[in-house]
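Structure first, commentary second.
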Amino acid sequence: MKRMTMAASAAGALMAGAMPAMAQDLDEVRLQLQWVTQAQFAGYYVALEEGFYEEEGLDVEILAGGPDIAPPQVLAGGGADVMLNWMPSALAAREKGLPVVNIAQPFASSGLMLTCWKDTGIEGPQDFKGKTIGVWFFGNEYPFLSWMSQEGIPTEGGEDGVTVLKQGFNVDPLIQRQADCISTMTYNEYGQVLDAGISEDELVTFKYEDMGVATLEDGMWVLEENLEDPDFVDKMTRFVRASMKGWKWAEENPEDAAMIVLDNDETGAQTEAHQVRMMGEIAKLTAGSDGSLDEAAYQRTVDTLLAGGSDPVISEMPEDAWTSKITDEALK
C-alpha cells in the first residue's frame with residue numbers, strides 16, 4: 001500500500017512537472033478583433049473557453065478592438081498574427097502597400113444595412129437624394145460610397161445628392177433626427193434603435209445583401225510574407241480549424257455562446273439580453289460557412305469596390321489577396 005502511495009505521489013510529481021512543459025509547447029497565436037468584445041466574435045471566445053484551441057496545440061490571445069484600434073496597423077506592426085477585418089478595408093490597405101491575405105471567411109453574408117425613418121418618404125435608393133445619411137468611416141464607408149456611385153447619386157450634398165454625416169458608433173443621429181437614415185448592423189445597432197422605443201413600423205431598412213452591393217465582412221487576414229513559413233501555415237491551419245469548430249458550436253448553442261462572450265467582457269458594458277439577441281443574428285451570417293471563401297462573393301465584393309466612380313475604393317483588380325490553402329488543409 002505504501003509502495004502504491006509512493007508510486008502515485010511520484011506519478012503526480014511527474015505530471016505536475018510536465019504541465020508547465022506542456023503549456024510551453026503550445027504555439028502562441030494573437031488574434032486582433034475588429035471591435036470590442038461582443039457576440040460578433042463569439043466563435044473565437046467559444047473556441048478558447050471550450051478548449052478547442054488547446055486541443056490543436058494553440059495558446060490563443062484574443063485582443064479586443066475599439067474605436068482607436070485599426071487592425072491593419074496592429075498586424076503591420078507585429079502586434080498580432082491574424083486580424084479580423086472587413087474585406088473593403090483589407091483590400092484598400094493591400095492596394096496601399098500592406099500585403100494582407102484572406103485565409104478564411106467565417107461570415108458568409110453581410111449584416112450591414114441602412115435604417116431610415118419611414119415618414120421621410122424613402123422607399124428606395126433614389127429617394128436618398130436630398131437626404132442626410134449617417135455613415136461609419138474608418139474603412140466602413142467603402143460599401144456605401146460604392147453603392148451610391150452605382151446609383152449615380154453624388155455624396156457631396158445638394159438636392160440631387162446625399163449629405164453624408166460621419167456617424168459615430170451609436171444610433172443617436174437617427175433618434176435625434178439629425179439624419180434621415182443611419183448605418184446599422186442587423187445584429188447590433190438595429191436592436192439599439194428598437195430598444196430606444198421606436199417600432200419597426202416606423203422604419204424602413206435596406207440590407208446591402210438585398211441591394212446586391214454587399215461586401216464580405218469579418219474575414220481572417222494575415223501578412224503575405226508569413227505564408228511562406230510552413231510552421232506559420234500549420235499554425236494558422238490549426239487556428240482556423242478550431243475557430244470554425246467554435247463557430248459551429250456557437251450557432252448550435254447561441255445562448256451559451258452569448259454567456260461565454262459576457263464572461264470575457266472585461267469592460268462589463270455588455271448585457272445578457274443584447275448579447276443573446278446579437279448571437280441569434282450573427283448565427284444567420286455564419287450559417288452554412290465552413291470557413292472557405294466563396295469566390296462568387298469575393299468577386300462581387302471586388303466589383304462593388306471597383307465601381308466607385310471617380311473615387312473607387314480600389315483602382316485595380318487585386319492579385320493573390322486570398323488563399324484557400326489554409327482552409328483546404330483545415331477541412332480535411
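Ligands are numbered from 1 in the order shown, chains are lettered A, B, ... in the order of the C-alpha cells, and residues start at 1 in each chain.
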Those in stretch 145-245 of chain A with strand (DSSP E or B) from DSSP, as an mmCIF file with C-alpha atoms, in the first residue's frame:
data_model
loop_
_atom_site.group_PDB
_atom_site.id
_atom_site.type_symbol
_atom_site.label_atom_id
_atom_site.label_comp_id
_atom_site.auth_asym_id
_atom_site.auth_seq_id
_atom_site.Cartn_x
_atom_site.Cartn_y
_atom_site.Cartn_z
ATOM 1 C CA GLU A 156 -21.415 65.900 -51.618
ATOM 2 C CA THR A 163 -25.309 64.634 -47.369
ATOM 3 C CA VAL A 164 -23.029 62.166 -45.603
ATOM 4 C CA LEU A 165 -22.977 62.503 -41.826
ATOM 5 C CA LYS A 166 -19.870 60.991 -40.285
ATOM 6 C CA CYS A 181 -31.008 57.206 -42.324
ATOM 7 C CA ILE A 182 -28.113 55.711 -40.420
ATOM 8 C CA SER A 183 -25.822 52.740 -40.835
ATOM 9 C CA THR A 184 -26.780 49.758 -38.695
ATOM 10 C CA MET A 185 -25.821 46.128 -38.372
ATOM 11 C CA LEU A 203 -38.724 52.323 -40.043
ATOM 12 C CA VAL A 204 -37.656 51.188 -43.491
ATOM 13 C CA THR A 205 -34.457 49.206 -43.933
ATOM 14 C CA PHE A 206 -32.161 48.455 -46.854
ATOM 15 C CA LYS A 207 -29.891 45.449 -46.441
ATOM 16 C CA GLY A 219 -12.613 37.632 -42.625
ATOM 17 C CA MET A 220 -9.316 36.351 -41.193
ATOM 18 C CA TRP A 221 -6.270 38.119 -42.624
ATOM 19 C CA VAL A 222 -2.526 37.590 -42.226
ATOM 20 C CA LEU A 223 0.609 39.132 -43.713
#
Which neighbours of A:Ser243 fall inside 6 Å, counting only C-alpha atoms, when residues of the same chain fewer than 3 positions from it are skipped, and could you give them as a compact mmCIF listing (two decimals) with N, CA, C and O atoms, in the first residue's frame?
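Produced file selection-v5.txt, reproduced below:
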# COMPACT_ATOMS: atom_id res chain seq x y z
N TYR A 44 -14.71 32.67 -31.60
CA TYR A 44 -13.33 32.66 -31.11
C TYR A 44 -13.29 32.50 -29.59
O TYR A 44 -12.46 31.76 -29.06
N ALA A 47 -14.17 28.89 -28.86
CA ALA A 47 -13.02 28.01 -29.12
C ALA A 47 -12.00 28.10 -28.00
O ALA A 47 -11.36 27.09 -27.64
N PHE A 239 -5.48 26.92 -36.23
CA PHE A 239 -6.28 28.03 -35.69
C PHE A 239 -7.63 28.12 -36.40
O PHE A 239 -8.67 28.28 -35.75
N VAL A 240 -7.62 28.04 -37.71
CA VAL A 240 -8.87 28.11 -38.48
C VAL A 240 -9.77 26.93 -38.15
O VAL A 240 -10.99 27.08 -37.96
N GLY A 246 -15.50 26.38 -33.11
CA GLY A 246 -16.11 27.31 -32.16
C GLY A 246 -17.34 27.97 -32.74
O GLY A 246 -18.37 28.14 -32.05
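Nearest residue to A:Glu329 among A:Val313, A:Leu112, A:Met259, A:Ile103 is A:Ile103, counting only C-alpha atoms.
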**Point-to-point distance in Å for atom CA of A:Gln299 and atom CA of A:Ser109** =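 Atom CA of A:Gln299 lies at a distance of 13.6 Å from atom CA of A:Ser109.
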**Which of stretch 51-293 of chain A DSSP labels helix (DSSP H, G or I), written as a PyMOL selection string** = chain A and resi 52-55+71-76+87-95+118-120+125-128+142-151+172-175+189-195+200-202+208-211+224-228+230-252+254-263+272-286
**Asked** Any idea what's packed within 10 Å of A:Lys129, counting only C-alpha atoms, ignoring anything in its chain fewer than 4 positions away? Could you give it as a list in words?
**Response**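 Within the cut-off, the hits are Ile122, Pro125, Ile133, Ile153, Pro154, Thr155, Gly157, Gly158, Glu159, Asp160, Gly161, Val162 and Thr163 of chain A.
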Would you mind listing what lies within 7 Å of A:Tyr187 as a tab-separated table (two decimals) with N, CA, C and O atoms, in the first residue's frame, with only C-alpha atoms counted and same-chain residues fewer than 5 positions away left out?
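Full text of around-v9.tsv as output:
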chain	number	residue	atom	x	y	z
A	111	GLY	N	-24.13	41.75	-42.66
A	111	GLY	CA	-25.16	42.24	-41.74
A	111	GLY	C	-25.36	43.74	-41.83
A	111	GLY	O	-26.10	44.32	-41.03
A	278	MET	N	-27.90	39.45	-30.22
A	278	MET	CA	-26.84	39.60	-31.21
A	278	MET	C	-26.38	38.24	-31.73
A	278	MET	O	-26.19	38.05	-32.93
A	281	GLU	N	-28.62	36.79	-34.35
A	281	GLU	CA	-28.47	37.40	-35.67
A	281	GLU	C	-27.14	37.02	-36.31
A	281	GLU	O	-27.07	36.80	-37.52
A	282	ILE	N	-26.09	36.94	-35.50
A	282	ILE	CA	-24.78	36.56	-36.02
A	282	ILE	C	-24.82	35.15	-36.61
A	282	ILE	O	-24.22	34.87	-37.65
**Item:** Residue contacts of A:Pro312 (8 Å, only C-alpha atoms) excluding same-chain residues fewer than 6 positions away, as a list in words
**Value:**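 Using only C-alpha atoms, the neighbours found are Ser146, Leu305 and Leu306 of chain A.
Nearest to A:Tyr53 of all the residues A:Asn226, A:Met244, A:Glu202, A:Val36 is A:Met244, based on only C-alpha atoms.
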**Item:** All residues 8 Å or closer to A:Leu216, only C-alpha atoms, same chain fewer than 4 positions away omitted, as an MDAnalysis selection string
**Value:** chainID A and resid 86:88 107:110 297:298 301
Output file for the selection above: C-alpha atoms, as a PDB file, in the first residue's frame:
ATOM      1  CA  TRP A  86     -13.988  43.710 -43.476  1.00  0.00           C
ATOM      2  CA  MET A  87     -12.789  42.966 -46.982  1.00  0.00           C
ATOM      3  CA  PRO A  88     -13.174  46.558 -48.274  1.00  0.00           C
ATOM      4  CA  PHE A 107     -19.091  35.175 -42.299  1.00  0.00           C
ATOM      5  CA  ALA A 108     -20.935  34.034 -45.416  1.00  0.00           C
ATOM      6  CA  SER A 109     -23.202  37.070 -45.681  1.00  0.00           C
ATOM      7  CA  SER A 110     -23.294  40.731 -44.692  1.00  0.00           C
ATOM      8  CA  ALA A 297     -18.935  36.557 -53.058  1.00  0.00           C
ATOM      9  CA  TYR A 298     -15.310  37.644 -53.327  1.00  0.00           C
ATOM     10  CA  THR A 301     -17.072  42.418 -53.300  1.00  0.00           C
TER      11      THR A 301
END
**Message:** Which residues are near A:Leu98? Cut-off 12 Å, only C-alpha atoms, ignore same chain within fewer than 6 positions. Put them as a PyMOL selection string.
**Reply:** chain A and resi 71-77+89-92+221-225+321
Could you please take those selected residues and save N, CA and C atoms as an mmCIF file, in the first residue's frame?
data_model
loop_
_atom_site.group_PDB
_atom_site.id
_atom_site.type_symbol
_atom_site.label_atom_id
_atom_site.label_comp_id
_atom_site.auth_asym_id
_atom_site.auth_seq_id
_atom_site.Cartn_x
_atom_site.Cartn_y
_atom_site.Cartn_z
ATOM 1 N N PRO A 71 -7.084 47.384 -36.890
ATOM 2 C CA PRO A 71 -6.469 46.055 -37.015
ATOM 3 C C PRO A 71 -5.338 45.971 -38.044
ATOM 4 N N PRO A 72 -5.455 46.593 -39.241
ATOM 5 C CA PRO A 72 -4.342 46.512 -40.194
ATOM 6 C C PRO A 72 -3.042 47.091 -39.629
ATOM 7 N N GLN A 73 -3.160 48.162 -38.857
ATOM 8 C CA GLN A 73 -1.969 48.769 -38.263
ATOM 9 C C GLN A 73 -1.361 47.847 -37.211
ATOM 10 N N VAL A 74 -2.233 47.197 -36.446
ATOM 11 C CA VAL A 74 -1.747 46.268 -35.426
ATOM 12 C C VAL A 74 -1.013 45.106 -36.088
ATOM 13 N N LEU A 75 -1.604 44.580 -37.161
ATOM 14 C CA LEU A 75 -0.991 43.467 -37.887
ATOM 15 C C LEU A 75 0.342 43.891 -38.490
ATOM 16 N N ALA A 76 0.358 45.065 -39.111
ATOM 17 C CA ALA A 76 1.574 45.563 -39.752
ATOM 18 C C ALA A 76 2.693 45.776 -38.744
ATOM 19 N N GLY A 77 2.326 46.190 -37.533
ATOM 20 C CA GLY A 77 3.323 46.467 -36.509
ATOM 21 C C GLY A 77 3.768 45.237 -35.733
ATOM 22 N N SER A 89 -11.942 47.209 -46.297
ATOM 23 C CA SER A 89 -10.844 47.827 -45.568
ATOM 24 C C SER A 89 -9.529 47.100 -45.844
ATOM 25 N N ALA A 90 -9.577 45.774 -45.839
ATOM 26 C CA ALA A 90 -8.360 44.994 -46.047
ATOM 27 C C ALA A 90 -7.809 45.161 -47.458
ATOM 28 N N LEU A 91 -8.697 45.138 -48.461
ATOM 29 C CA LEU A 91 -8.231 45.285 -49.846
ATOM 30 C C LEU A 91 -7.711 46.697 -50.104
ATOM 31 N N ALA A 92 -8.329 47.687 -49.474
ATOM 32 C CA ALA A 92 -7.830 49.058 -49.611
ATOM 33 C C ALA A 92 -6.440 49.168 -49.000
ATOM 34 N N TRP A 221 -7.332 37.610 -41.759
ATOM 35 C CA TRP A 221 -6.270 38.119 -42.624
ATOM 36 C C TRP A 221 -4.913 38.009 -41.938
ATOM 37 N N VAL A 222 -3.905 37.667 -42.721
ATOM 38 C CA VAL A 222 -2.526 37.590 -42.226
ATOM 39 C C VAL A 222 -1.611 38.311 -43.213
ATOM 40 N N LEU A 223 -0.370 38.528 -42.814
ATOM 41 C CA LEU A 223 0.609 39.132 -43.713
ATOM 42 C C LEU A 223 1.097 38.092 -44.715
ATOM 43 N N GLU A 224 1.193 38.494 -45.970
ATOM 44 C CA GLU A 224 1.549 37.580 -47.047
ATOM 45 C C GLU A 224 2.893 36.891 -46.810
ATOM 46 N N GLU A 225 3.851 37.620 -46.302
ATOM 47 C CA GLU A 225 5.195 37.058 -46.121
ATOM 48 C C GLU A 225 5.186 35.894 -45.126
ATOM 49 N N ALA A 321 -4.863 38.115 -53.230
ATOM 50 C CA ALA A 321 -5.368 38.708 -51.989
ATOM 51 C C ALA A 321 -6.042 37.684 -51.084
#
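In this structure, atom CA of A:Gly66 sits 26.8 Å away from atom CA of A:Arg238.
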**Request:** Enter the distance from atom CA of A:Leu114 to atom CA of A:Trp136, in Å, rounded to one decimal.
**Result:**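 Computed distance, atom CA of A:Leu114 to atom CA of A:Trp136, equals 11.0 Å.
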